[in-house]
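The next block is final-v9.cif, given as mmCIF, C-alpha atoms.
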data_data
loop_
_atom_site.label_atom_id
_atom_site.label_comp_id
_atom_site.auth_asym_id
_atom_site.auth_seq_id
_atom_site.Cartn_x
_atom_site.Cartn_y
_atom_site.Cartn_z
CA MET A 109 -25.69 -13.27 26.62
CA ASP A 110 -22.87 -15.46 27.96
CA VAL A 111 -19.81 -15.96 25.81
CA THR A 112 -16.94 -18.25 26.71
CA LEU A 113 -13.64 -17.61 25.01
CA THR A 114 -9.97 -18.20 25.63
CA VAL A 115 -7.80 -15.11 25.73
CA ASN A 116 -4.03 -15.49 25.95
CA GLY A 117 -4.50 -19.03 27.22
CA SER A 118 -7.04 -18.24 29.96
CA GLU A 119 -10.70 -19.13 29.61
CA HIS A 120 -13.21 -16.40 30.42
CA THR A 121 -16.99 -16.38 30.51
CA VAL A 122 -18.52 -12.93 30.26
CA ASP A 123 -22.08 -11.72 29.97
CA VAL A 124 -22.28 -9.20 27.13
CA GLU A 125 -24.80 -7.56 24.85
CA PRO A 126 -24.65 -9.18 21.40
CA ARG A 127 -23.92 -5.79 19.85
CA LEU A 128 -20.71 -5.39 21.88
CA LEU A 129 -17.72 -5.49 19.56
CA LEU A 130 -14.90 -7.87 20.37
CA VAL A 131 -12.51 -4.96 20.91
CA HIS A 132 -14.75 -3.59 23.66
CA LEU A 133 -15.09 -7.02 25.25
CA ILE A 134 -11.30 -7.28 25.35
CA ARG A 135 -10.65 -3.74 26.58
CA GLU A 136 -13.60 -3.13 28.90
CA GLU A 137 -14.71 -6.54 30.16
CA LEU A 138 -11.28 -8.19 30.34
CA GLU A 139 -9.38 -4.91 30.91
CA LEU A 140 -6.69 -5.77 28.39
CA THR A 141 -6.01 -2.32 26.98
CA GLY A 142 -3.06 -3.22 24.78
CA THR A 143 -5.57 -3.69 21.95
CA HIS A 144 -6.29 -0.20 20.65
CA ILE A 145 -9.21 1.45 18.91
CA GLY A 146 -8.06 3.66 16.08
CA CYS A 147 -10.42 4.39 13.22
CA ASP A 148 -13.31 2.16 14.35
CA THR A 149 -14.11 1.75 10.62
CA THR A 150 -12.12 -1.39 9.64
CA SER A 151 -9.36 0.70 8.08
CA CYS A 152 -6.41 1.09 10.45
CA GLY A 153 -5.67 -2.25 12.13
CA ALA A 154 -4.91 -0.78 15.59
CA CYS A 155 -7.45 -3.26 17.04
CA THR A 156 -5.81 -6.32 15.45
CA VAL A 157 -5.95 -9.54 17.48
CA LEU A 158 -5.30 -13.14 16.51
CA LEU A 159 -8.44 -15.28 16.21
CA ASP A 160 -7.27 -18.90 16.40
CA GLY A 161 -3.92 -17.60 15.14
CA THR A 162 -5.31 -15.52 12.26
CA PRO A 163 -5.08 -11.71 12.39
CA VAL A 164 -8.46 -9.96 12.30
CA LYS A 165 -9.78 -6.51 13.14
CA SER A 166 -11.55 -6.80 16.50
CA CYS A 167 -13.65 -3.69 15.80
CA THR A 168 -15.37 -5.63 13.00
CA LEU A 169 -16.40 -8.75 14.88
CA PHE A 170 -18.90 -9.10 17.71
CA GLY A 171 -17.73 -10.46 21.04
CA VAL A 172 -20.38 -13.20 20.87
CA GLN A 173 -18.76 -14.45 17.67
CA ALA A 174 -15.69 -15.40 19.70
CA GLU A 175 -17.65 -18.17 21.47
CA GLY A 176 -15.34 -21.17 21.80
CA ARG A 177 -12.52 -19.39 19.99
CA SER A 178 -8.99 -18.61 21.08
CA ILE A 179 -7.83 -15.00 21.03
CA THR A 180 -4.29 -13.70 21.33
CA THR A 181 -3.76 -10.05 22.18
CA VAL A 182 -0.47 -8.20 22.51
CA GLU A 183 -0.46 -9.08 26.21
CA GLY A 184 -0.24 -12.74 25.16
CA LEU A 185 2.96 -12.38 23.16
CA MET A 186 5.33 -12.47 26.14
CA ASP A 187 6.54 -15.79 27.46
CA GLY A 188 6.66 -15.23 31.22
CA ALA A 189 9.12 -12.38 31.71
CA ASP A 190 10.68 -12.85 28.27
CA LEU A 191 9.74 -10.69 25.32
CA HIS A 192 8.51 -12.46 22.19
CA PRO A 193 11.20 -12.22 19.47
CA ILE A 194 8.96 -9.78 17.62
CA GLN A 195 8.71 -7.54 20.70
CA ALA A 196 12.49 -7.66 21.24
CA ALA A 197 13.04 -6.79 17.57
CA PHE A 198 10.60 -3.84 17.66
CA LYS A 199 12.49 -2.55 20.71
CA GLU A 200 15.92 -3.12 19.16
CA HIS A 201 15.08 -1.70 15.72
CA HIS A 202 12.96 1.21 16.88
CA GLY A 203 9.86 -0.24 15.18
CA LEU A 204 7.59 2.23 16.95
CA GLN A 205 7.30 5.86 17.86
CA CYS A 206 3.96 6.72 19.45
CA GLY A 207 3.09 3.04 19.92
CA TYR A 208 -0.54 3.25 18.86
CA CYS A 209 -0.29 0.83 15.92
CA THR A 210 2.38 -1.31 17.57
CA SER A 211 0.28 -4.06 19.12
CA GLY A 212 -1.45 -4.68 15.78
CA MET A 213 1.81 -4.55 13.85
CA MET A 214 3.49 -7.03 16.20
CA LEU A 215 0.56 -9.47 16.10
CA VAL A 216 0.45 -9.37 12.30
CA GLY A 217 4.22 -9.84 12.28
CA ALA A 218 4.02 -12.77 14.70
CA ALA A 219 1.27 -14.42 12.59
CA LEU A 220 3.33 -13.91 9.43
CA LEU A 221 6.37 -15.58 10.99
CA GLU A 222 4.25 -18.58 11.96
CA GLU A 223 3.45 -19.08 8.25
CA ASN A 224 6.70 -17.87 6.72
CA SER A 225 9.85 -18.08 8.81
CA ASP A 226 11.92 -15.92 6.46
CA PRO A 227 9.72 -13.32 4.72
CA SER A 228 11.10 -10.85 2.17
CA ASP A 229 10.57 -7.09 2.50
CA ASP A 230 7.71 -7.39 0.00
CA GLU A 231 6.05 -10.18 1.93
CA VAL A 232 6.29 -8.21 5.18
CA ARG A 233 4.91 -5.08 3.52
CA HIS A 234 2.04 -7.10 2.05
CA ALA A 235 1.24 -8.66 5.45
CA ILE A 236 1.09 -5.28 7.22
CA SER A 237 -0.85 -3.56 4.43
CA GLY A 238 -4.04 -3.62 6.53
CA ASN A 239 -2.31 -1.81 9.41
CA ILE A 240 -1.60 1.90 9.34
CA CYS A 241 1.31 3.62 11.07
CA ARG A 242 1.44 7.40 10.93
CA CYS A 243 4.85 7.79 12.62
CA THR A 244 7.56 5.53 11.32
CA GLY A 245 7.17 5.45 7.55
CA TYR A 246 7.14 1.65 8.01
CA MET A 247 10.88 1.22 7.37
CA ASN A 248 11.74 0.23 10.92
CA ILE A 249 8.63 -1.92 11.30
CA VAL A 250 9.65 -3.96 8.25
CA ALA A 251 13.23 -4.14 9.56
CA ALA A 252 11.99 -5.27 12.99
CA ILE A 253 9.79 -8.07 11.60
CA ARG A 254 12.61 -9.32 9.40
CA ALA A 255 15.03 -9.15 12.32
CA ALA A 256 12.61 -11.16 14.44
CA ALA A 257 12.61 -13.82 11.72
CA GLN A 258 16.40 -13.93 11.83
CA ALA A 259 16.43 -14.05 15.64
CA SER A 260 13.90 -16.90 15.68
CA ALA A 261 15.96 -18.79 13.07
CA GLY A 262 19.05 -18.26 15.25
CA GLU A 263 17.25 -19.59 18.33
CA THR A 264 16.09 -22.66 16.43
CA ALA A 265 19.64 -23.24 15.23
CA VAL A 266 20.97 -22.95 18.80
CA ALA A 267 18.23 -25.20 20.13
CA SER A 268 18.93 -27.92 17.58
CA ALA A 269 22.75 -27.65 17.93
CA MET B 629 -19.44 2.82 17.72
CA LEU B 630 -22.24 0.55 18.82
CA PRO B 631 -24.90 -0.82 16.48
CA SER B 632 -28.56 -0.64 17.45
CA ARG B 633 -29.72 -3.48 19.68
CA PHE B 634 -30.46 -6.74 17.93
CA GLU B 635 -31.19 -10.30 18.89
CA TYR B 636 -28.32 -12.62 18.01
CA HIS B 637 -28.94 -16.13 16.65
CA ARG B 638 -26.23 -18.66 15.97
CA ALA B 639 -26.95 -21.27 13.27
CA ALA B 640 -24.85 -24.43 13.34
CA THR B 641 -26.43 -26.05 10.27
CA VAL B 642 -28.17 -24.80 7.14
CA GLU B 643 -31.42 -26.29 8.45
CA GLU B 644 -31.11 -24.17 11.59
CA ALA B 645 -30.42 -21.14 9.42
CA PHE B 646 -33.50 -21.88 7.27
CA ALA B 647 -35.70 -22.21 10.37
CA LEU B 648 -34.41 -18.90 11.72
CA LEU B 649 -34.95 -17.23 8.34
CA ASP B 650 -38.51 -18.60 8.16
CA ARG B 651 -39.18 -17.08 11.55
CA TYR B 652 -37.28 -13.79 11.38
CA GLY B 653 -36.33 -13.33 7.69
CA GLU B 654 -38.22 -10.08 7.14
CA ASP B 655 -36.48 -8.41 10.09
CA ALA B 656 -33.15 -10.24 9.91
CA LYS B 657 -29.75 -9.94 8.30
CA VAL B 658 -27.44 -12.89 7.78
CA LEU B 659 -24.02 -12.37 9.35
CA ALA B 660 -21.26 -14.00 7.30
CA GLY B 661 -17.77 -12.44 7.37
CA GLY B 662 -19.32 -9.20 8.60
CA GLN B 663 -16.67 -7.01 7.01
CA SER B 664 -19.29 -4.93 5.18
CA LEU B 665 -22.34 -5.60 7.36
CA ILE B 666 -20.79 -4.73 10.74
CA PRO B 667 -19.52 -1.32 9.54
CA LEU B 668 -23.04 -0.62 8.20
CA LEU B 669 -24.56 -1.65 11.55
CA LYS B 670 -22.08 0.51 13.45
CA LEU B 671 -22.95 3.53 11.31
CA ARG B 672 -26.60 2.56 11.76
CA PHE B 673 -27.22 2.56 8.04
CA ALA B 674 -28.77 -0.82 8.82
CA ALA B 675 -30.60 -1.74 12.04
CA PRO B 676 -32.05 -5.25 11.72
CA GLU B 677 -33.89 -6.66 14.74
CA HIS B 678 -32.27 -10.07 14.28
CA LEU B 679 -28.81 -11.14 13.22
CA ILE B 680 -28.37 -14.73 12.08
CA ASP B 681 -24.73 -15.78 12.41
CA VAL B 682 -23.97 -18.51 9.86
CA ASN B 683 -20.22 -18.68 10.57
CA PRO B 684 -20.47 -22.00 12.47
CA ILE B 685 -21.88 -23.76 9.37
CA THR B 686 -18.67 -25.39 8.15
CA THR B 687 -20.44 -27.11 5.23
CA LEU B 688 -20.77 -23.67 3.61
CA GLN B 689 -17.00 -23.52 3.13
CA GLY B 690 -14.95 -25.08 0.38
CA ILE B 691 -13.90 -24.93 -3.25
CA ALA B 692 -14.39 -27.86 -5.64
CA GLU B 693 -14.62 -28.44 -9.39
CA GLU B 694 -17.51 -30.71 -10.39
CA GLY B 695 -18.61 -31.56 -13.93
CA GLY B 696 -17.63 -28.31 -15.64
CA THR B 697 -18.56 -26.09 -12.70
CA LEU B 698 -16.48 -24.57 -9.94
CA LYS B 699 -18.51 -24.63 -6.75
CA ILE B 700 -17.46 -22.20 -4.06
CA GLY B 701 -19.15 -22.40 -0.67
CA ALA B 702 -20.69 -19.08 0.29
CA LEU B 703 -18.70 -18.88 3.54
CA THR B 704 -15.35 -19.30 1.79
CA ARG B 705 -13.06 -16.47 2.92
CA HIS B 706 -11.31 -14.27 0.37
CA ASN B 707 -7.91 -15.51 1.55
CA GLU B 708 -9.04 -19.09 0.83
CA LEU B 709 -9.64 -18.05 -2.78
CA ILE B 710 -6.04 -16.82 -2.89
CA ARG B 711 -4.70 -20.07 -1.40
CA SER B 712 -6.74 -22.36 -3.69
CA ASP B 713 -4.73 -24.35 -6.26
CA VAL B 714 -7.90 -25.03 -8.27
CA ILE B 715 -8.48 -21.29 -8.65
CA SER B 716 -4.88 -20.34 -9.33
CA ARG B 717 -4.71 -23.05 -11.99
CA GLY B 718 -7.94 -22.50 -13.87
CA TYR B 719 -9.71 -19.26 -12.90
CA PRO B 720 -7.32 -16.37 -13.50
CA ALA B 721 -9.90 -13.58 -13.13
CA ILE B 722 -10.79 -14.79 -9.61
CA ALA B 723 -7.13 -15.38 -8.81
CA ALA B 724 -6.30 -11.81 -9.91
CA ALA B 725 -9.19 -10.20 -8.03
CA ALA B 726 -8.98 -11.96 -4.66
CA PRO B 727 -5.68 -10.42 -3.46
CA GLN B 728 -6.99 -6.97 -4.40
CA ILE B 729 -10.08 -7.15 -2.17
CA ALA B 730 -9.79 -4.82 0.84
CA ASP B 731 -6.70 -5.73 2.93
CA PRO B 732 -5.21 -8.98 4.28
CA LEU B 733 -7.00 -8.80 7.65
CA VAL B 734 -10.39 -8.13 6.09
CA ARG B 735 -9.76 -11.01 3.66
CA ASN B 736 -9.28 -13.35 6.63
CA LEU B 737 -12.96 -12.89 7.52
CA GLY B 738 -14.74 -11.57 4.42
CA THR B 739 -16.60 -14.19 2.39
CA ILE B 740 -17.55 -14.61 -1.27
CA GLY B 741 -21.24 -15.18 -0.49
CA GLY B 742 -21.42 -12.22 1.84
CA SER B 743 -19.71 -10.00 -0.67
CA LEU B 744 -22.12 -10.94 -3.48
CA ALA B 745 -25.24 -10.76 -1.28
CA HIS B 746 -24.13 -7.32 -0.06
CA ALA B 747 -24.33 -6.15 -3.72
CA ASP B 748 -22.07 -3.15 -3.31
CA PRO B 749 -21.39 -1.63 -6.76
CA ALA B 750 -17.80 -1.23 -5.57
CA GLY B 751 -17.58 -4.97 -4.78
CA ASP B 752 -14.83 -6.68 -6.73
CA LEU B 753 -16.30 -10.17 -6.92
CA GLY B 754 -19.60 -9.02 -8.47
CA ALA B 755 -17.75 -7.87 -11.58
CA VAL B 756 -15.65 -11.03 -11.69
CA MET B 757 -18.75 -13.22 -11.50
CA LEU B 758 -20.53 -11.21 -14.23
CA SER B 759 -17.51 -11.63 -16.51
CA MET B 760 -17.62 -15.40 -15.92
CA SER B 761 -21.41 -15.91 -16.25
CA ALA B 762 -21.55 -17.28 -12.70
CA SER B 763 -24.69 -18.17 -10.75
CA VAL B 764 -25.62 -18.27 -7.09
CA LEU B 765 -27.47 -21.08 -5.36
CA LEU B 766 -30.23 -19.79 -3.08
CA ARG B 767 -31.71 -22.28 -0.64
CA SER B 768 -34.55 -22.18 1.86
CA SER B 769 -36.72 -24.57 3.83
CA SER B 770 -39.03 -24.78 0.83
CA GLY B 771 -36.47 -25.56 -1.86
CA GLU B 772 -33.65 -24.10 -3.87
CA ARG B 773 -33.04 -22.15 -7.06
CA THR B 774 -30.05 -21.19 -9.11
CA VAL B 775 -29.98 -17.57 -10.23
CA LEU B 776 -27.66 -16.08 -12.84
CA ILE B 777 -25.55 -13.34 -11.25
CA ASP B 778 -26.93 -10.81 -13.80
CA GLU B 779 -30.41 -11.35 -12.39
CA PHE B 780 -29.23 -11.62 -8.79
CA LEU B 781 -27.57 -8.18 -8.66
CA VAL B 782 -30.41 -5.68 -8.98
CA ASP B 783 -29.08 -2.40 -7.65
CA THR B 784 -26.97 -0.93 -4.84
CA PHE B 785 -27.33 -3.27 -1.80
CA THR B 786 -30.29 -4.92 -3.56
CA THR B 787 -30.54 -8.49 -4.85
CA THR B 788 -33.34 -10.89 -5.77
CA ILE B 789 -32.79 -12.99 -2.63
CA ALA B 790 -36.04 -13.64 -0.72
CA PRO B 791 -36.19 -12.97 3.04
CA ASN B 792 -36.29 -16.73 3.77
CA GLU B 793 -33.41 -17.66 1.46
CA LEU B 794 -29.73 -18.22 2.17
CA LEU B 795 -27.02 -17.87 -0.49
CA THR B 796 -25.15 -21.15 -0.05
CA GLU B 797 -22.93 -21.59 -3.11
CA VAL B 798 -21.44 -19.71 -6.03
CA HIS B 799 -21.25 -21.64 -9.31
CA VAL B 800 -18.68 -20.62 -11.92
CA PRO B 801 -18.56 -22.35 -15.32
CA THR B 802 -15.12 -23.87 -15.89
CA PRO B 803 -13.45 -22.08 -18.83
CA VAL B 804 -13.13 -24.47 -21.76
CA GLY B 805 -10.20 -24.56 -24.19
CA ARG B 806 -7.71 -21.78 -24.63
CA SER B 807 -8.73 -19.05 -22.26
CA GLY B 808 -7.45 -16.27 -20.08
CA GLY B 809 -8.75 -13.69 -17.67
CA THR B 810 -7.73 -11.00 -15.27
CA TYR B 811 -8.91 -8.26 -12.93
CA LEU B 812 -7.40 -4.81 -13.15
CA LYS B 813 -8.16 -2.45 -10.29
CA LEU B 814 -7.23 1.19 -9.87
CA GLU B 815 -7.23 2.11 -6.20
CA ARG B 816 -5.73 5.03 -4.33
CA LYS B 817 -4.30 2.82 -1.61
CA VAL B 818 -4.65 -0.66 -0.14
CA GLY B 819 -8.10 -1.18 1.30
CA ASP B 820 -9.78 1.62 -0.63
CA PHE B 821 -12.70 0.89 -2.91
CA ALA B 822 -11.90 0.80 -6.62
CA THR B 823 -11.75 4.09 -8.49
CA VAL B 824 -12.37 1.86 -11.51
CA ALA B 825 -11.87 -1.86 -11.99
CA ALA B 826 -12.42 -4.23 -14.90
CA ALA B 827 -12.92 -8.00 -14.86
CA VAL B 828 -12.08 -9.55 -18.20
CA THR B 829 -12.19 -13.12 -19.51
CA LEU B 830 -11.52 -14.38 -23.00
CA THR B 831 -11.85 -17.77 -24.70
CA LEU B 832 -10.42 -18.57 -28.13
CA ALA B 833 -12.14 -20.83 -30.65
CA ASP B 834 -10.12 -21.73 -33.78
CA GLY B 835 -8.01 -18.60 -33.43
CA SER B 836 -11.03 -16.29 -33.17
CA ILE B 837 -12.61 -15.00 -30.00
CA GLY B 838 -15.20 -17.54 -28.87
CA HIS B 839 -16.41 -15.51 -25.95
CA ALA B 840 -15.27 -12.44 -24.06
CA GLY B 841 -16.56 -11.55 -20.61
CA ILE B 842 -16.30 -7.91 -19.48
CA ALA B 843 -17.66 -6.36 -16.29
CA LEU B 844 -16.86 -3.26 -14.24
CA THR B 845 -16.59 -2.20 -10.62
CA GLY B 846 -17.34 1.14 -9.01
CA VAL B 847 -18.75 2.94 -12.02
CA ASP B 848 -22.54 2.63 -11.67
CA SER B 849 -25.21 1.82 -9.09
CA LYS B 850 -24.29 -1.85 -9.52
CA ASN B 851 -21.52 -3.84 -11.14
CA VAL B 852 -21.81 -3.24 -14.88
CA HIS B 853 -21.95 -6.17 -17.30
CA ALA B 854 -20.64 -4.67 -20.56
CA THR B 855 -22.60 -6.91 -22.91
CA ASP B 856 -22.25 -4.63 -25.99
CA ALA B 857 -18.49 -4.74 -25.58
CA GLU B 858 -18.63 -8.53 -25.28
CA ALA B 859 -20.82 -8.85 -28.39
CA SER B 860 -18.44 -6.70 -30.44
CA LEU B 861 -15.71 -9.27 -29.85
CA ALA B 862 -17.65 -12.52 -30.29
CA GLY B 863 -16.41 -14.37 -33.38
CA ALA B 864 -13.90 -11.66 -34.26
CA ALA B 865 -10.19 -12.15 -34.77
CA PRO B 866 -8.34 -10.68 -31.78
CA SER B 867 -6.90 -7.26 -32.63
CA ASP B 868 -5.72 -4.11 -30.87
CA GLU B 869 -8.41 -2.15 -32.71
CA GLY B 870 -11.12 -4.59 -31.63
CA PHE B 871 -9.93 -4.43 -28.02
CA ALA B 872 -9.90 -0.61 -28.10
CA GLU B 873 -13.43 -0.57 -29.50
CA ALA B 874 -14.57 -2.97 -26.74
CA GLY B 875 -13.00 -0.55 -24.22
CA ARG B 876 -15.00 2.34 -25.70
CA LEU B 877 -18.23 0.32 -25.63
CA ALA B 878 -17.62 -0.69 -22.00
CA ALA B 879 -16.99 2.94 -21.03
CA ALA B 880 -20.22 3.93 -22.79
CA ALA B 881 -22.16 1.32 -20.80
CA ALA B 882 -21.02 2.74 -17.44
CA HIS B 883 -22.37 5.68 -15.45
CA PRO B 884 -19.46 6.81 -13.30
CA VAL B 885 -19.85 9.88 -11.10
CA SER B 886 -17.23 12.46 -10.21
CA ASP B 887 -16.08 12.09 -6.61
CA VAL B 888 -12.96 12.17 -4.45
CA ARG B 889 -11.52 9.29 -6.45
CA GLY B 890 -11.69 11.05 -9.81
CA THR B 891 -13.84 12.81 -12.37
CA GLU B 892 -16.40 11.08 -14.53
CA GLU B 893 -14.24 11.75 -17.58
CA TYR B 894 -11.15 10.24 -15.94
CA LYS B 895 -13.05 7.15 -14.86
CA ARG B 896 -14.46 6.59 -18.35
CA HIS B 897 -10.98 6.92 -19.77
CA MET B 898 -9.61 4.40 -17.27
CA ILE B 899 -12.39 1.93 -18.13
CA GLU B 900 -11.23 2.06 -21.76
CA VAL B 901 -7.62 1.57 -20.74
CA TYR B 902 -8.31 -1.28 -18.31
CA VAL B 903 -10.67 -3.17 -20.63
CA ARG B 904 -8.16 -2.91 -23.48
CA ARG B 905 -5.27 -4.00 -21.25
CA GLY B 906 -7.32 -6.76 -19.66
CA LEU B 907 -8.24 -8.19 -23.06
CA ALA B 908 -4.62 -8.04 -24.23
CA ARG B 909 -3.46 -9.80 -21.06
CA SER B 910 -6.22 -12.42 -21.35
CA LEU B 911 -5.26 -13.06 -24.99
CA GLU B 912 -1.62 -13.58 -23.98
CA MET B 913 -2.74 -16.14 -21.42
CA ALA B 914 -5.06 -17.88 -23.89
CA ASN B 915 -2.28 -18.08 -26.49
CA ALA B 916 0.14 -19.43 -23.90
CA GLY B 917 -2.58 -21.83 -23.05
#
Can the structure from this file be put into structure tokens for me?
Amino acid sequence: MDVTLTVNGSEHTVDVEPRLLLVHLIREELELTGTHIGCDTTSCGACTVLLDGTPVKSCTLFGVQAEGRSITTVEGLMDGADLHPIQAAFKEHHGLQCGYCTSGMMLVGAALLEENSDPSDDEVRHAISGNICRCTGYMNIVAAIRAAAQASAGETAVASA
Amino acid sequence: MLPSRFEYHRAATVEEAFALLDRYGEDAKVLAGGQSLIPLLKLRFAAPEHLIDVNPITTLQGIAEEGGTLKIGALTRHNELIRSDVISRGYPAIAAAAPQIADPLVRNLGTIGGSLAHADPAGDLGAVMLSMSASVLLRSSSGERTVLIDEFLVDTFTTTIAPNELLTEVHVPTPVGRSGGTYLKLERKVGDFATVAAAVTLTLADGSIGHAGIALTGVDSKNVHATDAEASLAGAAPSDEGFAEAGRLAAAAAHPVSDVRGTEEYKRHMIEVYVRRGLARSLEMANAG
């Protein structure tokens, strides 16, 4: 069955079985392997992508359901050669160790900052509560997302100055 | 994990959904948010031949108060319940429960209609709707009927919905007068099913309890409506002793089983505690009114 979707700004039409999960469409058909498969049971959030800007677990959605929708994966965060503020902050604040949860954490963080430009620790922790990290203890992830908020605020201030 | 093969049908309108249900209903499942159904398909606990995707039907979304009834479209996502001013203002049990369902990403897709039609005894909204005497609107090509949630929820994963029917709306009576409500959930971690949870509502009439609504999650083969506990409170003056007795009656109405989340004895004890606390909290809200 043909499905046409936009991924990171590019439109793709792929012929898939209806039972193919979105995460497999992204990884195997489009060969974007930054989206990970962790638990495969809707628990861990490693497969998080943005569906029209909203974070969802791509292991719990069929590829055919993305017909006409816009998907952002971790590969879509960069702006040309420049890291997204959330990527720069994860790098700067050591918001990752093994990296497995990182794409999901950054996408959830980026979606949060779209809604709330200056989230508190509690708000960040709430936003990432569907994403599991087994390395960092979350401290540096929270610090990185908050730092990204500050960096974005700084950029806006510079831009408007 | 891949589900078994199925034929995928996309419905853009309720009429299209009805036509597909007429044709395939016996061998079909309706795909709403999919946050319970897709895991079941992946584990092959369910293997329908046809999947009818109703997500494009935008008319199934929305929250509106109309003549003493809150009408919630079946496709309304859990996070929309959280963001709704109407709900945060007037329906405290729903407002308390919604942020405790699963996790934020699941709530972006999971729907109220899907959750109720799934009829998982660990489902949070089933208990909330029992405590509020809610109904569901079931529609098909041949008509529609409104079914009280008590009659709709039959057993684990079993409801009275017919193969050709679609759950399109949830109807919740608007609480009248001084009232309060809450949802207390004991869970091991975010995203886990409830060890025990209690939905409680309370309405005062001339200083006495006009009506109390009490229902439980995760402690039987379906959500438990603790009607004996409710009856013990009707017409009574609110008191700590009365609330404790209602907690005991609610615990007696449940059939929890010992599992990784706790022993039967522990769960019964926590029902008592949560019903008592929920009533006290609801009374505070009603008095603040």
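Those residues returned by the PyMOL selection byres ((chain A) within 8 of (chain B)) for this file are Pro126, Arg127, Leu128, Leu129, Asp148, Thr149, Thr150, Ser151, Thr162, Pro163, Val164, Lys165, Thr168, Leu169, His234, Ala235, Ile236, Ser237 and Gly238 of chain A.
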Go through the shown structure with the PyMOL selection byres ((chain A and resi 144) around 7) and write out the matching residues as a PDB file with C-alpha atoms, in the coordinates of the input.
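Wrote out-v1.pdb, looks like this:
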ATOM      1  CA  THR A 141      -6.010  -2.320  26.980  1.00  0.00           C
ATOM      2  CA  GLY A 142      -3.060  -3.220  24.780  1.00  0.00           C
ATOM      3  CA  THR A 143      -5.570  -3.690  21.950  1.00  0.00           C
ATOM      4  CA  ILE A 145      -9.210   1.450  18.910  1.00  0.00           C
ATOM      5  CA  GLY A 146      -8.060   3.660  16.080  1.00  0.00           C
ATOM      6  CA  ALA A 154      -4.910  -0.780  15.590  1.00  0.00           C
ATOM      7  CA  CYS A 155      -7.450  -3.260  17.040  1.00  0.00           C
ATOM      8  CA  TYR A 208      -0.540   3.250  18.860  1.00  0.00           C
TER       9      TYR A 208
END
Residues matched by the PyMOL selection byres ((chain B and resi 787-789) around 12) as a PyMOL selection string: chain B and resi 649+653-654+657-658+741-749+754+764-768+772-786+790-796+850-851
Selection file, C-alpha atoms, as an mmCIF file, in the coordinates of the input:
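Result went into again.cif, see below:
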data_model
loop_
_atom_site.group_PDB
_atom_site.id
_atom_site.type_symbol
_atom_site.label_atom_id
_atom_site.label_comp_id
_atom_site.auth_asym_id
_atom_site.auth_seq_id
_atom_site.Cartn_x
_atom_site.Cartn_y
_atom_site.Cartn_z
ATOM 1 C CA LEU B 649 -34.950 -17.230 8.340
ATOM 2 C CA GLY B 653 -36.330 -13.330 7.690
ATOM 3 C CA GLU B 654 -38.220 -10.080 7.140
ATOM 4 C CA LYS B 657 -29.750 -9.940 8.300
ATOM 5 C CA VAL B 658 -27.440 -12.890 7.780
ATOM 6 C CA GLY B 741 -21.240 -15.180 -0.490
ATOM 7 C CA GLY B 742 -21.420 -12.220 1.840
ATOM 8 C CA SER B 743 -19.710 -10.000 -0.670
ATOM 9 C CA LEU B 744 -22.120 -10.940 -3.480
ATOM 10 C CA ALA B 745 -25.240 -10.760 -1.280
ATOM 11 C CA HIS B 746 -24.130 -7.320 -0.060
ATOM 12 C CA ALA B 747 -24.330 -6.150 -3.720
ATOM 13 C CA ASP B 748 -22.070 -3.150 -3.310
ATOM 14 C CA PRO B 749 -21.390 -1.630 -6.760
ATOM 15 C CA GLY B 754 -19.600 -9.020 -8.470
ATOM 16 C CA VAL B 764 -25.620 -18.270 -7.090
ATOM 17 C CA LEU B 765 -27.470 -21.080 -5.360
ATOM 18 C CA LEU B 766 -30.230 -19.790 -3.080
ATOM 19 C CA ARG B 767 -31.710 -22.280 -0.640
ATOM 20 C CA SER B 768 -34.550 -22.180 1.860
ATOM 21 C CA GLU B 772 -33.650 -24.100 -3.870
ATOM 22 C CA ARG B 773 -33.040 -22.150 -7.060
ATOM 23 C CA THR B 774 -30.050 -21.190 -9.110
ATOM 24 C CA VAL B 775 -29.980 -17.570 -10.230
ATOM 25 C CA LEU B 776 -27.660 -16.080 -12.840
ATOM 26 C CA ILE B 777 -25.550 -13.340 -11.250
ATOM 27 C CA ASP B 778 -26.930 -10.810 -13.800
ATOM 28 C CA GLU B 779 -30.410 -11.350 -12.390
ATOM 29 C CA PHE B 780 -29.230 -11.620 -8.790
ATOM 30 C CA LEU B 781 -27.570 -8.180 -8.660
ATOM 31 C CA VAL B 782 -30.410 -5.680 -8.980
ATOM 32 C CA ASP B 783 -29.080 -2.400 -7.650
ATOM 33 C CA THR B 784 -26.970 -0.930 -4.840
ATOM 34 C CA PHE B 785 -27.330 -3.270 -1.800
ATOM 35 C CA THR B 786 -30.290 -4.920 -3.560
ATOM 36 C CA ALA B 790 -36.040 -13.640 -0.720
ATOM 37 C CA PRO B 791 -36.190 -12.970 3.040
ATOM 38 C CA ASN B 792 -36.290 -16.730 3.770
ATOM 39 C CA GLU B 793 -33.410 -17.660 1.460
ATOM 40 C CA LEU B 794 -29.730 -18.220 2.170
ATOM 41 C CA LEU B 795 -27.020 -17.870 -0.490
ATOM 42 C CA THR B 796 -25.150 -21.150 -0.050
ATOM 43 C CA LYS B 850 -24.290 -1.850 -9.520
ATOM 44 C CA ASN B 851 -21.520 -3.840 -11.140
#
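A straight line drawn from CA of Leu832 (chain B) to CA of His897 (chain B) is 26.8 Å long.
The shortest atom-to-atom distance to Ile240 (chain A), with only C-alpha atoms taken into account, belongs to A:Ser211 out of A:Ser118, A:Gln258, A:Ser211, A:Ser228.
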Counting all atoms listed in the file, the option among B:Thr687, B:Leu830, B:Glu900, B:Phe821 closest to Ala639 (chain B): B:Thr687
